[in-house]
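Participant: Structure file work.cif, mmCIF, C-alpha atoms, is pasted below:
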```cif
data_my_file
loop_
_atom_site.group_PDB
_atom_site.id
_atom_site.type_symbol
_atom_site.label_atom_id
_atom_site.label_comp_id
_atom_site.auth_asym_id
_atom_site.auth_seq_id
_atom_site.Cartn_x
_atom_site.Cartn_y
_atom_site.Cartn_z
ATOM 1 C CA MET A 1 16.850 61.123 -9.304
ATOM 2 C CA GLN A 2 18.162 60.703 -12.814
ATOM 3 C CA VAL A 3 20.472 57.714 -13.257
ATOM 4 C CA PRO A 4 23.570 58.368 -15.424
ATOM 5 C CA ALA A 5 23.417 56.635 -18.820
ATOM 6 C CA ALA A 6 26.730 54.860 -18.235
ATOM 7 C CA LEU A 7 25.345 53.330 -15.025
ATOM 8 C CA VAL A 8 22.269 52.106 -16.871
ATOM 9 C CA VAL A 9 24.521 50.203 -19.270
ATOM 10 C CA VAL A 10 26.452 48.569 -16.427
ATOM 11 C CA LEU A 11 23.321 47.630 -14.504
ATOM 12 C CA SER A 12 21.655 46.145 -17.570
ATOM 13 C CA VAL A 13 24.712 43.984 -18.185
ATOM 14 C CA ILE A 14 24.809 42.806 -14.565
ATOM 15 C CA PHE A 15 21.129 41.954 -14.241
ATOM 16 C CA ALA A 16 20.534 40.520 -17.731
ATOM 17 C CA PRO A 17 20.107 36.747 -17.484
ATOM 18 C CA LEU A 18 22.791 34.679 -19.131
ATOM 19 C CA GLU A 19 20.172 32.576 -20.916
ATOM 20 C CA SER A 20 16.396 32.577 -20.952
ATOM 21 C CA LEU A 21 14.768 29.408 -19.655
ATOM 22 C CA GLY A 22 14.428 26.878 -22.433
ATOM 23 C CA GLY A 23 16.537 28.952 -24.815
ATOM 24 C CA GLU A 24 19.223 27.349 -26.899
ATOM 25 C CA MET A 25 22.666 27.699 -25.391
ATOM 26 C CA ARG A 26 25.274 29.668 -27.269
ATOM 27 C CA ARG A 27 28.894 29.618 -26.167
ATOM 28 C CA LEU A 28 31.489 31.877 -27.731
ATOM 29 C CA GLN A 29 35.040 30.629 -27.456
ATOM 30 C CA TRP A 30 37.758 33.096 -28.392
ATOM 31 C CA GLU A 31 40.029 31.757 -31.130
ATOM 32 C CA SER A 32 42.213 34.622 -32.368
ATOM 33 C CA SER A 33 42.404 38.333 -33.119
ATOM 34 C CA ILE A 34 43.339 39.990 -36.403
ATOM 35 C CA TYR A 35 45.395 43.158 -36.102
ATOM 36 C CA VAL A 36 47.183 43.444 -39.450
ATOM 37 C CA ASP A 37 46.817 42.821 -43.175
ATOM 38 C CA SER A 38 48.967 40.523 -45.325
ATOM 39 C CA LYS A 39 51.753 43.125 -45.345
ATOM 40 C CA GLY A 40 51.782 43.740 -41.614
ATOM 41 C CA VAL A 41 49.951 47.077 -41.767
ATOM 42 C CA GLY A 42 47.668 47.536 -38.760
ATOM 43 C CA LEU A 43 43.902 47.811 -38.919
ATOM 44 C CA ASN A 44 42.400 51.158 -37.990
ATOM 45 C CA LEU A 45 38.859 51.346 -36.577
ATOM 46 C CA PRO A 46 37.350 48.554 -38.712
ATOM 47 C CA GLU A 47 33.575 48.984 -39.070
ATOM 48 C CA GLY A 48 32.372 45.998 -41.098
ATOM 49 C CA VAL A 49 32.934 42.280 -41.599
ATOM 50 C CA ALA A 50 31.573 39.664 -44.012
ATOM 51 C CA CYS A 51 32.408 35.977 -44.025
ATOM 52 C CA GLU A 52 31.967 32.627 -45.677
ATOM 53 C CA SER A 53 33.258 29.222 -44.639
ATOM 54 C CA ASP A 54 36.640 29.917 -46.257
ATOM 55 C CA ALA A 55 36.821 33.708 -46.553
ATOM 56 C CA LEU A 56 36.680 36.905 -44.528
ATOM 57 C CA VAL A 57 36.376 40.476 -45.809
ATOM 58 C CA VAL A 58 36.927 43.499 -43.570
ATOM 59 C CA ALA A 59 35.964 47.146 -44.049
ATOM 60 C CA ASP A 60 39.100 48.728 -42.583
ATOM 61 C CA SER A 61 37.327 52.060 -42.302
ATOM 62 C CA GLY A 62 40.035 54.206 -40.702
ATOM 63 C CA ASN A 63 42.457 53.212 -43.450
ATOM 64 C CA ALA A 64 39.835 53.573 -46.219
ATOM 65 C CA ARG A 65 40.323 50.097 -47.666
ATOM 66 C CA ILE A 66 38.880 46.607 -47.998
ATOM 67 C CA LEU A 67 40.881 43.616 -46.737
ATOM 68 C CA ARG A 68 40.555 39.989 -47.850
ATOM 69 C CA TYR A 69 41.560 36.982 -45.747
ATOM 70 C CA SER A 70 41.376 33.256 -46.329
ATOM 71 C CA VAL A 71 39.980 31.063 -43.548
ATOM 72 C CA SER A 72 41.000 27.467 -42.952
ATOM 73 C CA GLY A 73 39.783 26.029 -39.672
ATOM 74 C CA GLU A 74 41.174 28.301 -36.968
ATOM 75 C CA THR A 75 43.752 29.876 -39.297
ATOM 76 C CA VAL A 76 43.029 33.278 -40.866
ATOM 77 C CA THR A 77 45.557 34.484 -43.452
ATOM 78 C CA GLY A 78 45.757 37.915 -45.068
ATOM 79 C CA GLU A 79 45.529 37.793 -48.845
ATOM 80 C CA ALA A 80 44.857 41.168 -50.464
ATOM 81 C CA GLU A 81 44.068 44.826 -49.863
ATOM 82 C CA VAL A 82 42.022 47.242 -51.957
ATOM 83 C CA ASP A 83 42.563 50.930 -51.243
ATOM 84 C CA LEU A 84 39.574 53.274 -51.482
ATOM 85 C CA PRO A 85 41.143 56.723 -50.957
ATOM 86 C CA LYS A 86 37.932 58.601 -51.809
ATOM 87 C CA ALA A 87 35.595 56.424 -49.777
ATOM 88 C CA PHE A 88 34.811 55.520 -46.169
ATOM 89 C CA PRO A 89 33.706 51.865 -46.199
ATOM 90 C CA ILE A 90 31.574 50.791 -43.241
ATOM 91 C CA LYS A 91 29.762 47.660 -44.472
ATOM 92 C CA VAL A 92 30.827 44.733 -46.654
ATOM 93 C CA ARG A 93 29.152 41.694 -48.170
ATOM 94 C CA ILE A 94 30.373 38.824 -50.352
ATOM 95 C CA ALA A 95 28.251 37.955 -53.397
ATOM 96 C CA LYS A 96 27.839 34.374 -54.587
ATOM 97 C CA ASN A 97 30.170 35.051 -57.562
ATOM 98 C CA GLY A 98 32.965 36.250 -55.262
ATOM 99 C CA ASP A 99 32.473 39.974 -55.826
ATOM 100 C CA VAL A 100 32.679 42.162 -52.730
ATOM 101 C CA TYR A 101 30.085 44.891 -52.176
ATOM 102 C CA PHE A 102 30.794 47.749 -49.795
ATOM 103 C CA LEU A 103 28.846 50.700 -48.418
ATOM 104 C CA ASP A 104 30.644 54.017 -48.750
ATOM 105 C CA ALA A 105 29.388 56.150 -45.862
ATOM 106 C CA ARG A 106 30.850 59.286 -47.406
ATOM 107 C CA GLU A 107 28.709 59.204 -50.558
ATOM 108 C CA ARG A 108 26.033 56.755 -49.290
ATOM 109 C CA ARG A 109 26.424 54.397 -52.224
ATOM 110 C CA ILE A 110 27.207 50.715 -52.776
ATOM 111 C CA GLY A 111 30.483 49.905 -54.534
ATOM 112 C CA VAL A 112 31.496 46.633 -56.180
ATOM 113 C CA ILE A 113 34.970 45.057 -56.155
ATOM 114 C CA GLY A 114 35.654 42.091 -58.406
ATOM 115 C CA ALA A 115 37.398 38.926 -57.276
ATOM 116 C CA ASP A 116 40.477 40.288 -59.060
ATOM 117 C CA GLY A 117 40.547 43.304 -56.737
ATOM 118 C CA GLU A 118 39.427 45.810 -59.366
ATOM 119 C CA ILE A 119 36.681 48.311 -58.545
ATOM 120 C CA ARG A 120 33.851 47.614 -60.975
ATOM 121 C CA GLY A 121 31.740 50.644 -60.184
ATOM 122 C CA PHE A 122 28.739 51.482 -58.044
ATOM 123 C CA LEU A 123 25.277 49.988 -57.806
ATOM 124 C CA LYS A 124 22.600 52.234 -59.324
ATOM 125 C CA PRO A 125 19.040 51.263 -58.382
ATOM 126 C CA LYS A 126 16.653 51.579 -61.317
ATOM 127 C CA GLY A 127 13.030 50.893 -62.087
ATOM 128 C CA LEU A 128 11.918 52.021 -58.622
ATOM 129 C CA PRO A 129 8.131 52.448 -58.191
ATOM 130 C CA PHE A 130 8.528 56.197 -57.601
ATOM 131 C CA LYS A 131 11.204 58.815 -58.032
ATOM 132 C CA THR A 132 13.474 59.001 -55.007
ATOM 133 C CA GLN A 133 17.084 59.337 -54.008
ATOM 134 C CA VAL A 134 18.198 56.074 -52.420
ATOM 135 C CA THR A 135 20.255 56.734 -49.275
ATOM 136 C CA PRO A 136 21.309 53.347 -47.909
ATOM 137 C CA ARG A 137 22.211 53.049 -44.238
ATOM 138 C CA SER A 138 23.003 49.362 -44.621
ATOM 139 C CA PHE A 139 22.518 46.452 -47.018
ATOM 140 C CA ASP A 140 22.644 42.695 -47.353
ATOM 141 C CA ILE A 141 22.737 40.081 -50.126
ATOM 142 C CA ASP A 142 20.655 36.900 -50.021
ATOM 143 C CA LYS A 143 21.595 33.469 -51.352
ATOM 144 C CA ARG A 144 19.900 34.237 -54.689
ATOM 145 C CA GLY A 145 22.045 37.320 -55.211
ATOM 146 C CA LEU A 146 19.301 39.851 -54.503
ATOM 147 C CA ILE A 147 20.469 43.006 -52.724
ATOM 148 C CA TYR A 148 18.481 44.555 -49.863
ATOM 149 C CA LEU A 149 19.009 48.287 -49.360
ATOM 150 C CA LEU A 150 17.990 49.867 -46.057
ATOM 151 C CA ASP A 151 16.979 53.270 -47.419
ATOM 152 C CA ILE A 152 16.486 55.782 -44.628
ATOM 153 C CA PHE A 153 15.416 58.517 -47.067
ATOM 154 C CA SER A 154 12.328 56.807 -48.496
ATOM 155 C CA GLU A 155 11.734 54.752 -45.314
ATOM 156 C CA ARG A 156 11.819 51.486 -47.208
ATOM 157 C CA VAL A 157 13.907 48.436 -47.859
ATOM 158 C CA PHE A 158 14.428 48.253 -51.612
ATOM 159 C CA VAL A 159 15.210 44.838 -53.064
ATOM 160 C CA VAL A 160 17.144 44.929 -56.346
ATOM 161 C CA ASP A 161 19.031 42.403 -58.446
ATOM 162 C CA GLY A 162 22.765 42.457 -59.184
ATOM 163 C CA GLU A 163 22.224 45.009 -61.950
ATOM 164 C CA GLY A 164 20.261 47.326 -59.659
ATOM 165 C CA GLN A 165 16.865 46.502 -61.193
ATOM 166 C CA PHE A 166 13.969 46.924 -58.764
ATOM 167 C CA VAL A 167 12.349 43.683 -57.541
ATOM 168 C CA ARG A 168 10.175 44.731 -54.606
ATOM 169 C CA GLN A 169 9.967 47.009 -51.573
ATOM 170 C CA ILE A 170 9.338 46.614 -47.853
ATOM 171 C CA ARG A 171 7.946 49.606 -45.968
ATOM 172 C CA PHE A 172 9.276 50.714 -42.609
ATOM 173 C CA PRO A 173 6.984 50.298 -39.588
ATOM 174 C CA ASP A 174 4.688 53.176 -38.617
ATOM 175 C CA GLU A 175 6.683 53.888 -35.461
ATOM 176 C CA TYR A 176 10.412 53.505 -35.014
ATOM 177 C CA GLY A 177 13.479 55.367 -33.725
ATOM 178 C CA PHE A 178 16.472 54.854 -36.023
ATOM 179 C CA LEU A 179 16.841 51.762 -38.202
ATOM 180 C CA SER A 180 20.570 51.123 -38.513
ATOM 181 C CA ASP A 181 21.124 47.643 -39.950
ATOM 182 C CA LEU A 182 19.448 44.711 -41.649
ATOM 183 C CA THR A 183 20.187 41.091 -42.413
ATOM 184 C CA VAL A 184 18.491 38.392 -44.474
ATOM 185 C CA ASP A 185 18.417 34.776 -43.325
ATOM 186 C CA SER A 186 18.579 31.655 -45.510
ATOM 187 C CA GLN A 187 14.771 31.587 -45.775
ATOM 188 C CA GLY A 188 14.556 35.130 -47.117
ATOM 189 C CA ASN A 189 13.256 36.672 -43.903
ATOM 190 C CA VAL A 190 14.432 40.250 -43.360
ATOM 191 C CA PHE A 191 15.474 41.458 -39.903
ATOM 192 C CA VAL A 192 16.098 45.123 -39.089
ATOM 193 C CA VAL A 193 17.377 46.601 -35.830
ATOM 194 C CA ASP A 194 16.245 49.902 -34.340
ATOM 195 C CA SER A 195 19.240 51.281 -32.429
ATOM 196 C CA VAL A 196 17.311 53.924 -30.500
ATOM 197 C CA ALA A 197 14.302 51.854 -29.410
ATOM 198 C CA ALA A 198 16.336 48.588 -29.174
ATOM 199 C CA VAL A 199 13.679 46.714 -31.151
ATOM 200 C CA VAL A 200 14.116 44.056 -33.836
ATOM 201 C CA PHE A 201 11.677 44.242 -36.759
ATOM 202 C CA LYS A 202 10.961 41.453 -39.215
ATOM 203 C CA ALA A 203 9.455 41.008 -42.664
ATOM 204 C CA ALA A 204 8.737 37.332 -43.287
ATOM 205 C CA GLY A 205 8.834 35.970 -46.815
ATOM 206 C CA ASP A 206 7.130 38.385 -49.198
ATOM 207 C CA SER A 207 5.773 40.719 -46.499
ATOM 208 C CA GLU A 208 5.398 44.310 -47.650
ATOM 209 C CA ARG A 209 5.995 45.954 -44.263
ATOM 210 C CA LEU A 210 8.324 45.456 -41.309
ATOM 211 C CA SER A 211 6.632 44.560 -38.032
ATOM 212 C CA ALA A 212 8.013 44.312 -34.506
ATOM 213 C CA LEU A 213 9.516 40.927 -33.638
ATOM 214 C CA THR A 214 10.527 41.988 -30.123
ATOM 215 C CA GLU A 215 9.435 44.449 -27.508
ATOM 216 C CA SER A 216 11.943 47.127 -26.554
ATOM 217 C CA LEU A 217 15.126 45.522 -25.228
ATOM 218 C CA LYS A 218 16.492 48.710 -23.647
ATOM 219 C CA ALA A 219 16.658 46.948 -20.290
ATOM 220 C CA PHE A 220 19.256 44.594 -21.737
ATOM 221 C CA MET A 221 21.266 46.727 -24.141
ATOM 222 C CA ASN A 222 22.161 50.316 -24.812
ATOM 223 C CA PHE A 223 22.643 50.894 -28.557
ATOM 224 C CA PRO A 224 22.339 47.801 -30.803
ATOM 225 C CA LYS A 225 24.108 48.871 -33.996
ATOM 226 C CA SER A 226 24.111 45.753 -36.178
ATOM 227 C CA LEU A 227 22.851 42.197 -36.278
ATOM 228 C CA ALA A 228 23.355 38.741 -37.767
ATOM 229 C CA VAL A 229 21.427 35.452 -37.721
ATOM 230 C CA ASP A 230 23.074 32.066 -37.264
ATOM 231 C CA GLY A 231 22.119 28.801 -38.951
ATOM 232 C CA ARG A 232 19.512 27.976 -36.310
ATOM 233 C CA GLY A 233 17.746 31.318 -36.332
ATOM 234 C CA VAL A 234 19.297 32.948 -33.255
ATOM 235 C CA ILE A 235 19.795 36.696 -33.746
ATOM 236 C CA TYR A 236 23.034 38.323 -32.565
ATOM 237 C CA LEU A 237 22.822 42.046 -31.795
ATOM 238 C CA VAL A 238 26.038 44.052 -31.526
ATOM 239 C CA ASP A 239 25.523 46.436 -28.601
ATOM 240 C CA GLN A 240 27.964 49.157 -29.600
ATOM 241 C CA ASN A 241 27.700 51.413 -26.547
ATOM 242 C CA GLY A 242 27.349 48.453 -24.199
ATOM 243 C CA SER A 243 30.424 46.753 -25.722
ATOM 244 C CA GLY A 244 28.877 43.304 -25.957
ATOM 245 C CA LEU A 245 26.396 41.053 -27.724
ATOM 246 C CA ALA A 246 22.729 40.415 -26.993
ATOM 247 C CA LEU A 247 20.990 37.291 -28.290
ATOM 248 C CA VAL A 248 17.376 37.028 -29.384
ATOM 249 C CA GLY A 249 15.467 33.871 -30.312
ATOM 250 C CA TYR A 250 13.755 33.396 -33.662
ATOM 251 C CA GLY A 251 10.426 34.114 -31.988
ATOM 252 C CA GLY A 252 11.658 37.359 -30.440
ATOM 253 C CA ASP A 253 12.460 36.162 -26.910
ATOM 254 C CA PHE A 254 15.561 37.556 -25.215
ATOM 255 C CA LEU A 255 18.195 34.843 -24.678
ATOM 256 C CA GLY A 256 20.928 36.736 -22.816
ATOM 257 C CA ARG A 257 24.145 38.691 -23.227
ATOM 258 C CA LYS A 258 27.619 37.656 -24.300
ATOM 259 C CA LEU A 259 31.028 39.315 -23.910
ATOM 260 C CA SER A 260 31.730 42.625 -22.225
ATOM 261 C CA LEU A 261 33.839 45.771 -22.253
ATOM 262 C CA GLY A 262 37.561 45.096 -22.368
ATOM 263 C CA TRP A 263 40.878 45.422 -24.139
ATOM 264 C CA ASN A 264 42.257 41.924 -23.539
ATOM 265 C CA GLN A 265 41.393 39.053 -25.857
ATOM 266 C CA GLY A 266 37.677 38.355 -25.729
ATOM 267 C CA GLY A 267 36.786 41.876 -24.580
ATOM 268 C CA LEU A 268 35.115 44.452 -26.816
ATOM 269 C CA TYR A 269 35.415 48.211 -27.077
ATOM 270 C CA TYR A 270 32.660 49.846 -29.140
ATOM 271 C CA PRO A 271 32.159 46.884 -31.515
ATOM 272 C CA SER A 272 30.513 47.663 -34.825
ATOM 273 C CA ASP A 273 29.582 44.534 -36.772
ATOM 274 C CA ILE A 274 29.382 40.737 -36.695
ATOM 275 C CA CYS A 275 29.144 37.914 -39.204
ATOM 276 C CA ILE A 276 28.718 34.195 -38.614
ATOM 277 C CA SER A 277 29.963 31.629 -41.125
ATOM 278 C CA GLU A 278 28.378 28.295 -41.982
ATOM 279 C CA THR A 279 31.204 26.580 -40.120
ATOM 280 C CA GLY A 280 30.335 28.362 -36.871
ATOM 281 C CA ASN A 281 33.014 31.057 -36.837
ATOM 282 C CA ALA A 282 31.893 34.452 -35.553
ATOM 283 C CA PHE A 283 33.921 37.475 -36.652
ATOM 284 C CA ILE A 284 33.379 40.709 -34.728
ATOM 285 C CA ALA A 285 34.605 44.116 -35.883
ATOM 286 C CA ASP A 286 36.026 45.287 -32.544
ATOM 287 C CA ARG A 287 36.228 48.827 -33.817
ATOM 288 C CA ASN A 288 37.813 50.879 -31.052
ATOM 289 C CA ASN A 289 40.305 48.116 -30.308
ATOM 290 C CA SER A 290 41.275 48.284 -34.016
ATOM 291 C CA ARG A 291 40.996 44.549 -34.558
ATOM 292 C CA VAL A 292 38.692 41.793 -35.703
ATOM 293 C CA GLN A 293 38.118 39.043 -33.164
ATOM 294 C CA VAL A 294 37.377 35.453 -34.109
ATOM 295 C CA PHE A 295 35.153 33.259 -31.938
ATOM 296 C CA LYS A 296 33.908 29.728 -32.316
ATOM 297 C CA VAL A 297 30.146 29.512 -31.781
ATOM 298 C CA ASN A 298 28.910 26.396 -30.012
ATOM 299 C CA MET A 299 25.365 25.934 -31.304
ATOM 300 C CA GLY A 300 24.398 23.152 -28.903
ATOM 301 C CA GLY A 301 20.851 22.587 -27.697
ATOM 302 C CA SER A 302 19.395 23.762 -24.416
ATOM 303 C CA GLY A 303 21.064 22.601 -21.233
ATOM 304 C CA GLY A 304 23.650 23.621 -18.693
ATOM 305 C CA GLY A 305 26.591 25.937 -19.150
ATOM 306 C CA SER A 306 27.436 29.457 -18.206
ATOM 307 C CA GLY A 307 27.166 31.015 -21.658
ATOM 308 C CA GLU A 308 30.300 33.039 -20.943
ATOM 309 C CA ALA A 309 32.985 33.702 -23.537
ATOM 310 C CA ARG A 310 36.304 32.051 -22.821
ATOM 311 C CA ALA A 311 39.558 33.842 -23.516
ATOM 312 C CA PRO A 312 43.104 32.464 -23.194
ATOM 313 C CA GLU A 313 44.780 32.743 -19.817
#
```
Can you turn what I pasted into structure tokens?
Facilitator:
Amino acid sequence: MQVPAALVVVLSVIFAPLESLGGEMRRLQWESSIYVDSKGVGLNLPEGVACESDALVVADSGNARILRYSVSGETVTGEAEVDLPKAFPIKVRIAKNGDVYFLDARERRIGVIGADGEIRGFLKPKGLPFKTQVTPRSFDIDKRGLIYLLDIFSERVFVVDGEGQFVRQIRFPDEYGFLSDLTVDSQGNVFVVDSVAAVVFKAAGDSERLSALTESLKAFMNFPKSLAVDGRGVIYLVDQNGSGLALVGYGGDFLGRKLSLGWNQGGLYYPSDICISETGNAFIADRNNSRVQVFKVNMGGSGGGSGEARAPE
């Protein structure tokens, strides 16, 4: 008898352990939700988020714009909006000089917005080792300012500098389903998620090819769309179709699930992206609820606790 896909998602959520034995505990405490910009205009299907200790940037995809917020403790304040009427932004990153980079899904190119809110143009990779059309599915920026392009056309991660000049390349693994997102940790390790196979791949240091960090995690999640790594190396996978998060240890062990389907505060409905700041704030693009939710991440060591997210009563 074939089990309906929706039932598989529910069962995997029910039977997934809250934490693996010996794994570091992670608690997510709901802090607030962002529904509007600085002018009171509502968000519409936001796809991407990027954050620092004092700043948040949102790809407000349904409204074709980029939103900036300031962050001070638990307070998030709208500051500015940049309209992109000819684009469909789905991913954002903040460079070390304050510029905002965004991925336009319509033209599959990376745009740059200055700290003054002016669009400075689009990143043009150059000096590549062979002639190819770069078609980025996602991207990230490391602490040195190098840009990592997940190019689904050439089946490589291209690393370029801020001017687009080629630095190096990382080949895709021999076998994979669909690589949808990547992130780079503070050590320069590259992590890529396969949404179809539910596998996390890794390229450590100067590795030239991605290799599997985990086995298939299909038993614990449905469609992991994006990922982030916190300051202690725990990987957070946004399970879009399962409307929750799955956590993976730095060594590839499954640590449990967080959050679940819902419309109240703390619930998710087809989430799309996550970022985690140095101060322990987690921002989740809760796409189909048309909001960004803010959680405080408790990065305590192993021990007791339910691991459940707490929302206000």
Participant: For stretch 50-53 of chain A, list every protein, DNA or RNA residue within 7 Å, evaluated using only C-alpha atoms, and leave out those in the same chain fewer than 6 positions away; present the list as a list in words.
Facilitator: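 The contact residues come out as Val92, Arg93, Ile94, Cys275, Ile276, Ser277, Glu278 and Thr279 of chain A.
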Participant: Can you tell me how far atom CA of A:Ala285 sits from atom CA of A:Gly205, in Å to one decimal?
Facilitator: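 Atom CA of A:Ala285 sits 29.2 Å away from atom CA of A:Gly205.
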Participant: Using only C-alpha atoms, which of the listed residues (A:Phe88, A:Phe223, A:Phe153, A:Tyr35) sits closest to A:Arg287?
Facilitator: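 Among the listed residues, the smallest separation from A:Arg287 belongs to A:Tyr35.
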Participant: Spell out the residues picked by the PyMOL selection byres ((chain A and resi 102-111) around 7) here, as a list in words.
Facilitator: Ala87, Phe88, Pro89, Ile90, Lys91, Val92, Arg93, Val100, Tyr101, Val112, Ile113, Gly121, Phe122, Leu123, Thr135 and Pro136 of chain A
Participant: Applied to this file, what does the PyMOL selection byres ((chain A and resi 66) around 9) return in terms of residues, put as an MDAnalysis selection string?
Facilitator: chainID A and resid 57:61 63:65 67:68 80:84 89 92 100 102
Participant: Rank A:Ser272, A:Gln240, A:Gln29, A:Ser138 by their smallest atom-to-atom distance to A:Leu182, using all atoms listed in the file, and report the top residue only.
Facilitator: A:Ser138
Participant: Could you write out as JSON, numbers by chain the residues that the PyMOL selection byres ((chain A and resi 211) around 12) matches in the shown file?
Facilitator: {"A": [170, 171, 172, 173, 174, 175, 176, 189, 190, 191, 192, 193, 194, 199, 200, 201, 202, 203, 204, 207, 208, 209, 210, 212, 213, 214, 215, 252]}
Participant: Quick one: of A:Leu227, A:Val160, A:Ala197, A:Ile119, who's nearest to A:Asp181, counting only C-alpha atoms?
Facilitator: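 For A:Asp181, the nearest of the candidates is A:Leu227.
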Participant: What does the structure give for the distance between atom CA of A:Ala282 and atom CA of A:Tyr148, in Å to one decimal?
Facilitator: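 Answer for the atom CA of A:Ala282 to atom CA of A:Tyr148 separation: 22.1 Å.
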